[in-house]
file query_22.cif (mmCIF, C-alpha atoms)
data_model
loop_
_atom_site.group_PDB
_atom_site.id
_atom_site.type_symbol
_atom_site.label_atom_id
_atom_site.label_comp_id
_atom_site.auth_asym_id
_atom_site.auth_seq_id
_atom_site.Cartn_x
_atom_site.Cartn_y
_atom_site.Cartn_z
ATOM 1 C CA MET O 28 21.132 110.702 -38.598
ATOM 2 C CA PHE O 29 21.602 107.967 -41.210
ATOM 3 C CA ARG O 30 18.999 105.708 -39.643
ATOM 4 C CA SER O 31 16.342 104.325 -41.920
ATOM 5 C CA ARG O 32 12.790 105.470 -41.396
ATOM 6 C CA ALA O 33 11.452 101.906 -41.197
ATOM 7 C CA LYS O 34 13.542 101.183 -38.083
ATOM 8 C CA GLU O 35 12.354 104.357 -36.368
ATOM 9 C CA GLU O 36 8.708 103.436 -37.023
ATOM 10 C CA LYS O 37 9.182 99.888 -35.719
ATOM 11 C CA ALA O 38 10.959 100.897 -32.497
ATOM 12 C CA PRO O 39 8.106 102.889 -30.887
ATOM 13 C CA SER O 40 5.544 100.264 -31.864
ATOM 14 C CA LEU O 41 7.519 97.656 -29.949
ATOM 15 C CA VAL O 42 7.664 99.879 -26.885
ATOM 16 C CA LYS O 43 3.985 100.857 -26.988
ATOM 17 C CA THR O 44 2.513 97.325 -27.016
ATOM 18 C CA PRO O 45 1.505 96.521 -23.458
ATOM 19 C CA VAL O 46 2.242 93.078 -22.065
ATOM 20 C CA THR O 47 -1.028 91.435 -21.004
ATOM 21 C CA ASP O 48 -1.336 88.524 -18.674
ATOM 22 C CA SER O 49 -3.241 85.723 -20.464
ATOM 23 C CA ASN O 50 -4.678 84.510 -17.128
ATOM 24 C CA GLN O 51 -6.190 87.882 -16.315
ATOM 25 C CA PRO O 52 -9.910 88.005 -17.224
ATOM 26 C CA ARG O 53 -10.941 90.575 -19.821
ATOM 27 C CA ASP O 54 -13.213 93.385 -18.741
ATOM 28 C CA PRO O 55 -16.624 92.930 -20.467
ATOM 29 C CA GLN O 56 -16.717 96.612 -21.367
ATOM 30 C CA ALA O 57 -13.247 96.549 -22.950
ATOM 31 C CA PRO O 58 -13.025 96.204 -26.747
ATOM 32 C CA LYS O 59 -12.271 92.706 -28.116
ATOM 33 C CA GLY O 60 -9.790 93.906 -30.637
ATOM 34 C CA ARG O 61 -11.774 92.289 -33.498
ATOM 35 C CA PRO O 62 -15.223 92.893 -35.013
ATOM 36 C CA THR O 63 -18.163 90.684 -33.988
ATOM 37 C CA PRO O 64 -18.746 88.120 -36.757
ATOM 38 C CA LYS O 65 -22.031 88.046 -38.650
ATOM 39 C CA ARG O 66 -24.555 85.362 -37.702
ATOM 40 C CA SER O 67 -24.086 83.457 -40.984
ATOM 41 C CA ALA O 68 -20.308 83.399 -40.507
ATOM 42 C CA ALA O 69 -20.635 82.221 -36.876
ATOM 43 C CA GLN O 70 -23.063 79.449 -37.835
ATOM 44 C CA SER O 71 -20.869 78.215 -40.662
ATOM 45 C CA GLN O 72 -17.893 78.204 -38.286
ATOM 46 C CA ARG O 73 -19.863 76.175 -35.718
ATOM 47 C CA ARG O 74 -20.919 73.734 -38.454
ATOM 48 C CA SER O 75 -17.351 73.308 -39.633
ATOM 49 C CA VAL O 76 -16.235 72.592 -36.037
ATOM 50 C CA ALA O 77 -19.045 70.052 -35.601
ATOM 51 C CA ASN O 78 -18.218 68.350 -38.906
ATOM 52 C CA THR O 79 -14.495 68.106 -38.288
ATOM 53 C CA PRO O 80 -13.140 65.354 -40.515
ATOM 54 C CA MET O 81 -12.291 62.225 -38.540
ATOM 55 C CA THR O 82 -9.644 59.769 -39.527
ATOM 56 C CA ARG O 83 -10.807 56.721 -41.450
ATOM 57 C CA LYS O 84 -10.148 54.523 -38.396
ATOM 58 C CA ASP O 85 -12.264 56.729 -36.086
ATOM 59 C CA ALA O 86 -15.089 56.923 -38.628
ATOM 60 C CA ALA O 87 -15.121 53.125 -39.057
ATOM 61 C CA LYS O 88 -15.096 52.606 -35.282
ATOM 62 C CA ARG O 89 -17.969 55.038 -34.799
ATOM 63 C CA GLN O 90 -19.958 53.395 -37.606
ATOM 64 C CA ARG O 91 -19.410 49.944 -36.057
ATOM 65 C CA GLU O 92 -20.617 51.164 -32.659
ATOM 66 C CA GLU O 93 -23.727 52.764 -34.195
ATOM 67 C CA ARG O 94 -24.479 49.571 -36.136
ATOM 68 C CA ARG O 95 -24.001 47.468 -32.986
ATOM 69 C CA THR O 96 -26.377 49.618 -30.928
ATOM 70 C CA ALA O 97 -28.956 49.631 -33.751
ATOM 71 C CA MET O 98 -28.788 45.821 -34.048
ATOM 72 C CA ALA O 99 -29.087 45.372 -30.259
ATOM 73 C CA ARG O 100 -32.112 47.677 -30.232
ATOM 74 C CA GLN O 101 -33.638 45.754 -33.140
ATOM 75 C CA ARG O 102 -33.078 42.365 -31.430
ATOM 76 C CA GLU O 103 -34.746 43.658 -28.284
ATOM 77 C CA ALA O 104 -37.657 45.000 -30.355
ATOM 78 C CA LEU O 105 -38.058 41.637 -32.120
ATOM 79 C CA ALA O 106 -38.166 39.890 -28.752
ATOM 80 C CA LYS O 107 -40.659 42.321 -27.193
ATOM 81 C CA GLY O 108 -42.593 43.394 -30.292
ATOM 82 C CA ASP O 109 -41.721 47.085 -29.865
ATOM 83 C CA GLU O 110 -43.017 48.755 -33.049
ATOM 84 C CA ARG O 111 -40.557 51.689 -32.934
ATOM 85 C CA TYR O 112 -37.402 49.663 -33.591
ATOM 86 C CA LEU O 113 -38.751 46.787 -35.705
ATOM 87 C CA PRO O 114 -37.332 46.265 -39.209
ATOM 88 C CA ALA O 115 -39.302 47.907 -42.045
ATOM 89 C CA ARG O 116 -40.867 44.591 -43.181
ATOM 90 C CA ASP O 117 -42.438 44.022 -39.719
ATOM 91 C CA LYS O 118 -43.715 47.545 -39.066
ATOM 92 C CA GLY O 119 -47.291 48.752 -39.208
ATOM 93 C CA PRO O 120 -50.709 47.696 -37.916
ATOM 94 C CA VAL O 121 -51.406 45.491 -40.970
ATOM 95 C CA ARG O 122 -48.269 43.400 -40.446
ATOM 96 C CA LYS O 123 -48.959 43.175 -36.711
ATOM 97 C CA PHE O 124 -52.480 41.898 -37.352
ATOM 98 C CA ALA O 125 -51.127 39.350 -39.880
ATOM 99 C CA ARG O 126 -48.615 38.093 -37.290
ATOM 100 C CA ASP O 127 -51.274 37.825 -34.592
ATOM 101 C CA PHE O 128 -53.657 36.037 -36.976
ATOM 102 C CA ILE O 129 -51.031 33.359 -37.738
ATOM 103 C CA ASP O 130 -49.862 33.058 -34.101
ATOM 104 C CA SER O 131 -53.416 32.538 -32.845
ATOM 105 C CA ARG O 132 -53.992 29.546 -35.186
ATOM 106 C CA PHE O 133 -52.734 25.989 -35.400
ATOM 107 C CA ASN O 134 -50.794 25.782 -38.687
ATOM 108 C CA ILE O 135 -49.779 22.511 -40.336
ATOM 109 C CA ALA O 136 -46.909 24.283 -42.112
ATOM 110 C CA GLU O 137 -45.075 25.022 -38.844
ATOM 111 C CA TYR O 138 -44.501 21.270 -38.365
ATOM 112 C CA PHE O 139 -43.013 20.880 -41.840
ATOM 113 C CA LEU O 140 -39.372 20.695 -40.640
ATOM 114 C CA PRO O 141 -39.890 17.935 -38.002
ATOM 115 C CA MET O 142 -42.035 15.948 -40.460
ATOM 116 C CA ALA O 143 -39.427 16.422 -43.197
ATOM 117 C CA VAL O 144 -36.706 15.006 -40.907
ATOM 118 C CA VAL O 145 -38.856 11.942 -40.100
ATOM 119 C CA ILE O 146 -39.654 11.353 -43.786
ATOM 120 C CA LEU O 147 -35.978 11.768 -44.724
ATOM 121 C CA VAL O 148 -34.920 9.174 -42.130
ATOM 122 C CA LEU O 149 -37.594 6.744 -43.389
ATOM 123 C CA SER O 150 -36.491 7.221 -47.004
ATOM 124 C CA MET O 151 -32.848 6.436 -46.086
ATOM 125 C CA ILE O 152 -33.727 3.018 -44.658
ATOM 126 C CA ARG O 153 -33.188 0.402 -47.366
ATOM 127 C CA VAL O 154 -36.571 -1.255 -46.987
ATOM 128 C CA ALA O 155 -38.905 -0.921 -49.952
ATOM 129 C CA SER O 156 -42.103 -0.677 -47.883
ATOM 130 C CA LEU O 157 -40.666 2.107 -45.659
ATOM 131 C CA GLN O 158 -39.464 4.054 -48.698
ATOM 132 C CA ASN O 159 -42.963 3.797 -50.219
ATOM 133 C CA VAL O 160 -44.456 5.085 -46.928
ATOM 134 C CA ALA O 161 -41.959 7.968 -46.960
ATOM 135 C CA LEU O 162 -42.988 8.960 -50.515
ATOM 136 C CA LEU O 163 -46.662 8.786 -49.582
ATOM 137 C CA LEU O 164 -46.046 10.901 -46.461
ATOM 138 C CA TRP O 165 -44.233 13.539 -48.581
ATOM 139 C CA LEU O 166 -47.242 13.769 -50.846
ATOM 140 C CA VAL O 167 -49.738 13.970 -47.944
ATOM 141 C CA VAL O 168 -47.706 16.607 -46.065
ATOM 142 C CA ILE O 169 -47.247 18.820 -49.133
ATOM 143 C CA VAL O 170 -50.957 18.618 -50.092
ATOM 144 C CA MET O 171 -52.035 19.415 -46.499
ATOM 145 C CA ILE O 172 -49.657 22.396 -46.260
ATOM 146 C CA VAL O 173 -50.820 23.789 -49.616
ATOM 147 C CA LEU O 174 -54.522 23.422 -48.712
ATOM 148 C CA ASP O 175 -53.998 24.913 -45.240
ATOM 149 C CA SER O 176 -52.047 27.849 -46.706
ATOM 150 C CA ILE O 177 -54.768 28.556 -49.304
ATOM 151 C CA VAL O 178 -57.523 28.547 -46.650
ATOM 152 C CA THR O 179 -55.428 30.699 -44.280
ATOM 153 C CA GLY O 180 -54.579 33.144 -47.074
ATOM 154 C CA PHE O 181 -58.246 33.626 -48.070
ATOM 155 C CA ARG O 182 -59.373 34.095 -44.458
ATOM 156 C CA LEU O 183 -56.583 36.548 -43.671
ATOM 157 C CA LYS O 184 -57.236 38.541 -46.860
ATOM 158 C CA LYS O 185 -60.904 38.856 -45.918
ATOM 159 C CA ARG O 186 -60.128 39.901 -42.332
ATOM 160 C CA LEU O 187 -57.564 42.468 -43.480
ATOM 161 C CA ALA O 188 -60.054 43.990 -45.941
ATOM 162 C CA GLU O 189 -62.624 44.290 -43.112
ATOM 163 C CA ARG O 190 -60.206 45.623 -40.503
ATOM 164 C CA PHE O 191 -57.985 47.872 -42.659
ATOM 165 C CA PRO O 192 -60.007 49.061 -45.690
ATOM 166 C CA ASP O 193 -57.901 52.227 -46.176
ATOM 167 C CA GLU O 194 -54.461 50.825 -45.269
ATOM 168 C CA ARG O 195 -51.897 49.440 -47.720
ATOM 169 C CA ARG O 196 -52.221 45.644 -47.474
ATOM 170 C CA ARG O 197 -49.932 44.542 -50.300
ATOM 171 C CA GLY O 198 -47.620 41.653 -49.331
ATOM 172 C CA ALA O 199 -49.253 41.086 -45.922
ATOM 173 C CA VAL O 200 -50.707 37.654 -46.843
ATOM 174 C CA ALA O 201 -47.378 36.388 -48.234
ATOM 175 C CA TYR O 202 -45.650 37.746 -45.103
ATOM 176 C CA ALA O 203 -48.114 35.834 -42.895
ATOM 177 C CA LEU O 204 -47.763 32.580 -44.855
ATOM 178 C CA MET O 205 -43.959 32.766 -44.609
ATOM 179 C CA ARG O 206 -44.365 33.184 -40.843
ATOM 180 C CA SER O 207 -46.646 30.129 -40.696
ATOM 181 C CA LEU O 208 -43.773 28.006 -42.074
ATOM 182 C CA GLN O 209 -41.635 28.802 -39.007
ATOM 183 C CA MET O 210 -42.004 26.917 -35.748
ATOM 184 C CA ARG O 211 -43.839 29.026 -33.191
ATOM 185 C CA ARG O 212 -40.969 29.311 -30.687
ATOM 186 C CA LEU O 213 -38.516 30.388 -33.427
ATOM 187 C CA ARG O 214 -40.699 33.173 -34.857
ATOM 188 C CA LEU O 215 -39.463 36.761 -34.798
ATOM 189 C CA PRO O 216 -40.992 39.090 -33.676
ATOM 190 C CA LYS O 217 -42.049 36.812 -30.827
ATOM 191 C CA PRO O 218 -45.753 35.836 -30.780
ATOM 192 C CA GLN O 219 -47.841 38.288 -28.755
ATOM 193 C CA VAL O 220 -51.058 36.209 -28.658
ATOM 194 C CA LYS O 221 -51.839 32.693 -27.438
ATOM 195 C CA ARG O 222 -53.269 29.944 -29.610
ATOM 196 C CA GLY O 223 -57.036 30.282 -29.939
ATOM 197 C CA GLU O 224 -56.942 33.931 -28.809
ATOM 198 C CA ARG O 225 -58.725 36.163 -31.312
ATOM 199 C CA PRO O 226 -56.459 38.951 -32.641
#

call {"tool": "encode", "arguments": {"input": "query_22.cif", "output": "structure tokens"}}
result
Amino acid sequence: MFRSRAKEEKAPSLVKTPVTDSNQPRDPQAPKGRPTPKRSAAQSQRRSVANTPMTRKDAAKRQREERRTAMARQREALAKGDERYLPARDKGPVRKFARDFIDSRFNIAEYFLPMAVVILVLSMIRVASLQNVALLLWLVVIVMIVLDSIVTGFRLKKRLAERFPDERRRGAVAYALMRSLQMRRLRLPKPQVKRGERP
């Protein structure tokens, strides 16, 4: 008689709720108990699940792994000359032609390091005549490298203008001359043509 109305309303609701077994599959025809979300809402929910914030440690680990795989792929590309994974400075048909042009020639500049070591050793010996020879050799080597580089640069520029009239050729000659300073076996990407073979 003196019961509150709120308690009377709560009591039947507790009795009426049926106990469902969570393992029992839901009938496809049965109502879900919630409205179907709109497409925009579903997509944003999927995006938020995909972009779940990782901890700083997980993010750093993932970034390291990605960097490691990218570097391994790039090393393999430099060894094989695979254009897809080469660094930006080595990509493109113009740069490839410049590499092949240098690799197909005999370049004086590629022997600069061995000659520099020999000249350095000669200059360290405390004999006046040997030190004079070392100075003369320095002069001869530098003049020969400069002359060879000028001739190579002009020839390459001409060949690039003939072969790639519509392509962007800026920096290709400097790129090729820098490659000519490296010893052939140490060049990256690895040479794809033999000496004397026309690119």

call {"tool": "resolve_selection", "arguments": {"input": "query_22.cif", "expression": "the PyMOL selection byres ((chain O and resi 205-210) around 12)", "output": "MDAnalysis selection string"}}
result
chainID O and resid 117 122:123 125:142 172:173 175:177 179:180 198:204 211:218

call {"tool": "residues_around", "arguments": {"input": "query_22.cif", "residues": "O:Arg190", "least_positions_apart": "6", "cutoff": "10 Å", "atoms": "all atoms listed in the file", "output": "list in words"}}
result
Val121, Phe124 and Lys184 of chain O

call {"tool": "atom_distance", "arguments": {"input": "query_22.cif", "atom1": "atom CA of O:Leu183", "atom2": "atom CA of O:Arg197"}}
result
12.3 Å

call {"tool": "atom_distance", "arguments": {"input": "query_22.cif", "atom1": "atom CA of O:Val144", "atom2": "atom CA of O:Gly223"}}
result
27.7 Å

call {"tool": "resolve_selection", "arguments": {"input": "query_22.cif", "expression": "the PyMOL selection byres ((chain O and resi 163-166) around 10)", "output": "list in words"}}
result
Met142, Ala143, Val145, Ile146, Leu147, Leu149, Leu157, Gln158, Asn159, Val160, Ala161, Leu162, Val167, Val168, Ile169, Val170 and Met171 of chain O

call {"tool": "axis_aligned_box", "arguments": {"input": "query_22.cif", "around": "stretch 190-203 of chain O", "padding_each_side": "5 Å", "output": "AutoDock Vina command-line options"}}
result
--center_x -52.9 --center_y 44.0 --center_z -45.4 --size_x 24.6 --size_y 26.4 --size_z 19.8

call {"tool": "residues_around", "arguments": {"input": "query_22.cif", "residues": "O:Leu113", "least_positions_apart": "2", "cutoff": "6 Å", "atoms": "all atoms listed in the file", "output": "NGL selection string"}}
result
:O and (101 or 104 or 110-111)

call {"tool": "write_last_selection", "arguments": {"input": "query_22.cif", "atoms": "C-alpha atoms", "output": "PDB file, keeping the file's coordinate frame"}}
result
ATOM      1  CA  GLN O 101     -33.638  45.754 -33.140  1.00  0.00           C
ATOM      2  CA  ALA O 104     -37.657  45.000 -30.355  1.00  0.00           C
ATOM      3  CA  GLU O 110     -43.017  48.755 -33.049  1.00  0.00           C
ATOM      4  CA  ARG O 111     -40.557  51.689 -32.934  1.00  0.00           C
TER       5      ARG O 111
END

call {"tool": "closest_residue", "arguments": {"input": "query_22.cif", "among": "O:Lys118, O:Val154, O:Arg182, O:Glu93", "to": "O:Leu105", "atoms": "only C-alpha atoms"}}
result
O:Lys118

call {"tool": "atom_distance", "arguments": {"input": "query_22.cif", "atom1": "atom CA of O:Lys185", "atom2": "atom CA of O:Pro120"}}
result
15.7 Å

call {"tool": "decode", "arguments": {"input": "query_22.cif", "residues": "stretch 154-181 of chain O", "atoms": "N, CA, C and O atoms", "output": "tab-separated table (two decimals), in the first residue's frame"}}
result
chain	number	residue	atom	x	y	z
O	154	VAL	N	114.24	12.77	-48.80
O	154	VAL	CA	115.25	12.91	-49.85
O	154	VAL	C	114.74	14.00	-50.78
O	154	VAL	O	113.61	13.93	-51.27
O	155	ALA	N	115.53	14.98	-51.02
O	155	ALA	CA	115.11	16.17	-51.77
O	155	ALA	C	114.65	15.83	-53.18
O	155	ALA	O	113.62	16.34	-53.65
O	156	SER	N	115.37	14.93	-53.85
O	156	SER	CA	115.01	14.57	-55.23
O	156	SER	C	113.65	13.86	-55.29
O	156	SER	O	112.83	14.13	-56.18
O	157	LEU	N	113.39	12.97	-54.31
O	157	LEU	CA	112.10	12.25	-54.27
O	157	LEU	C	110.95	13.22	-53.96
O	157	LEU	O	109.85	13.07	-54.50
O	158	GLN	N	111.20	14.17	-53.10
O	158	GLN	CA	110.15	15.15	-52.77
O	158	GLN	C	109.83	16.04	-53.97
O	158	GLN	O	108.67	16.39	-54.20
O	159	ASN	N	110.87	16.36	-54.77
O	159	ASN	CA	110.64	17.13	-56.00
O	159	ASN	C	109.83	16.32	-57.01
O	159	ASN	O	108.94	16.85	-57.68
O	160	VAL	N	110.12	15.01	-57.10
O	160	VAL	CA	109.37	14.11	-58.00
O	160	VAL	C	107.91	14.03	-57.56
O	160	VAL	O	107.00	14.05	-58.39
O	161	ALA	N	107.71	13.96	-56.24
O	161	ALA	CA	106.35	13.89	-55.68
O	161	ALA	C	105.55	15.13	-56.05
O	161	ALA	O	104.38	15.04	-56.45
O	162	LEU	N	106.17	16.32	-55.92
O	162	LEU	CA	105.50	17.58	-56.27
O	162	LEU	C	105.16	17.64	-57.75
O	162	LEU	O	104.06	18.05	-58.14
O	163	LEU	N	106.10	17.17	-58.57
O	163	LEU	CA	105.86	17.15	-60.02
O	163	LEU	C	104.73	16.19	-60.39
O	163	LEU	O	103.88	16.50	-61.22
O	164	LEU	N	104.72	15.03	-59.71
O	164	LEU	CA	103.65	14.04	-59.95
O	164	LEU	C	102.29	14.60	-59.57
O	164	LEU	O	101.30	14.37	-60.27
O	165	TRP	N	102.21	15.32	-58.42
O	165	TRP	CA	100.96	15.97	-58.01
O	165	TRP	C	100.43	16.87	-59.12
O	165	TRP	O	99.27	16.80	-59.48
O	166	LEU	N	101.33	17.68	-59.64
O	166	LEU	CA	100.95	18.63	-60.69
O	166	LEU	C	100.45	17.91	-61.94
O	166	LEU	O	99.40	18.24	-62.50
O	167	VAL	N	101.20	16.86	-62.36
O	167	VAL	CA	100.83	16.10	-63.57
O	167	VAL	C	99.48	15.42	-63.38
O	167	VAL	O	98.62	15.47	-64.27
O	168	VAL	N	99.29	14.77	-62.24
O	168	VAL	CA	98.04	14.04	-61.96
O	168	VAL	C	96.85	14.99	-61.96
O	168	VAL	O	95.82	14.71	-62.58
O	169	ILE	N	96.99	16.12	-61.28
O	169	ILE	CA	95.87	17.08	-61.20
O	169	ILE	C	95.52	17.63	-62.58
O	169	ILE	O	94.35	17.71	-62.96
O	170	VAL	N	96.55	17.99	-63.38
O	170	VAL	CA	96.31	18.53	-64.73
O	170	VAL	C	95.62	17.49	-65.60
O	170	VAL	O	94.66	17.79	-66.32
O	171	MET	N	96.09	16.22	-65.53
O	171	MET	CA	95.50	15.14	-66.33
O	171	MET	C	94.04	14.89	-65.95
O	171	MET	O	93.18	14.71	-66.82
O	172	ILE	N	93.76	14.90	-64.64
O	172	ILE	CA	92.38	14.67	-64.18
O	172	ILE	C	91.46	15.80	-64.64
O	172	ILE	O	90.34	15.55	-65.10
O	173	VAL	N	91.94	17.03	-64.53
O	173	VAL	CA	91.13	18.19	-64.94
O	173	VAL	C	90.84	18.13	-66.43
O	173	VAL	O	89.68	18.31	-66.86
O	174	LEU	N	91.88	17.87	-67.24
O	174	LEU	CA	91.69	17.79	-68.70
O	174	LEU	C	90.74	16.65	-69.09
O	174	LEU	O	89.84	16.83	-69.91
O	175	ASP	N	90.95	15.48	-68.46
O	175	ASP	CA	90.10	14.32	-68.74
O	175	ASP	C	88.64	14.61	-68.36
O	175	ASP	O	87.71	14.25	-69.09
O	176	SER	N	88.44	15.27	-67.24
O	176	SER	CA	87.08	15.59	-66.77
O	176	SER	C	86.40	16.59	-67.71
O	176	SER	O	85.20	16.44	-67.99
O	177	ILE	N	87.17	17.57	-68.22
O	177	ILE	CA	86.59	18.56	-69.14
O	177	ILE	C	86.15	17.88	-70.44
O	177	ILE	O	85.02	18.10	-70.92
O	178	VAL	N	87.03	17.03	-70.98
O	178	VAL	CA	86.70	16.31	-72.23
O	178	VAL	C	85.49	15.40	-72.03
O	178	VAL	O	84.55	15.39	-72.84
O	179	THR	N	85.51	14.64	-70.92
O	179	THR	CA	84.38	13.74	-70.60
O	179	THR	C	83.08	14.51	-70.44
O	179	THR	O	82.03	14.10	-70.95
O	180	GLY	N	83.14	15.64	-69.73
O	180	GLY	CA	81.95	16.46	-69.51
O	180	GLY	C	81.35	16.97	-70.81
O	180	GLY	O	80.13	16.90	-71.00
O	181	PHE	N	82.20	17.47	-71.73
O	181	PHE	CA	81.71	17.96	-73.03
O	181	PHE	C	81.07	16.83	-73.85
O	181	PHE	O	80.00	17.01	-74.43
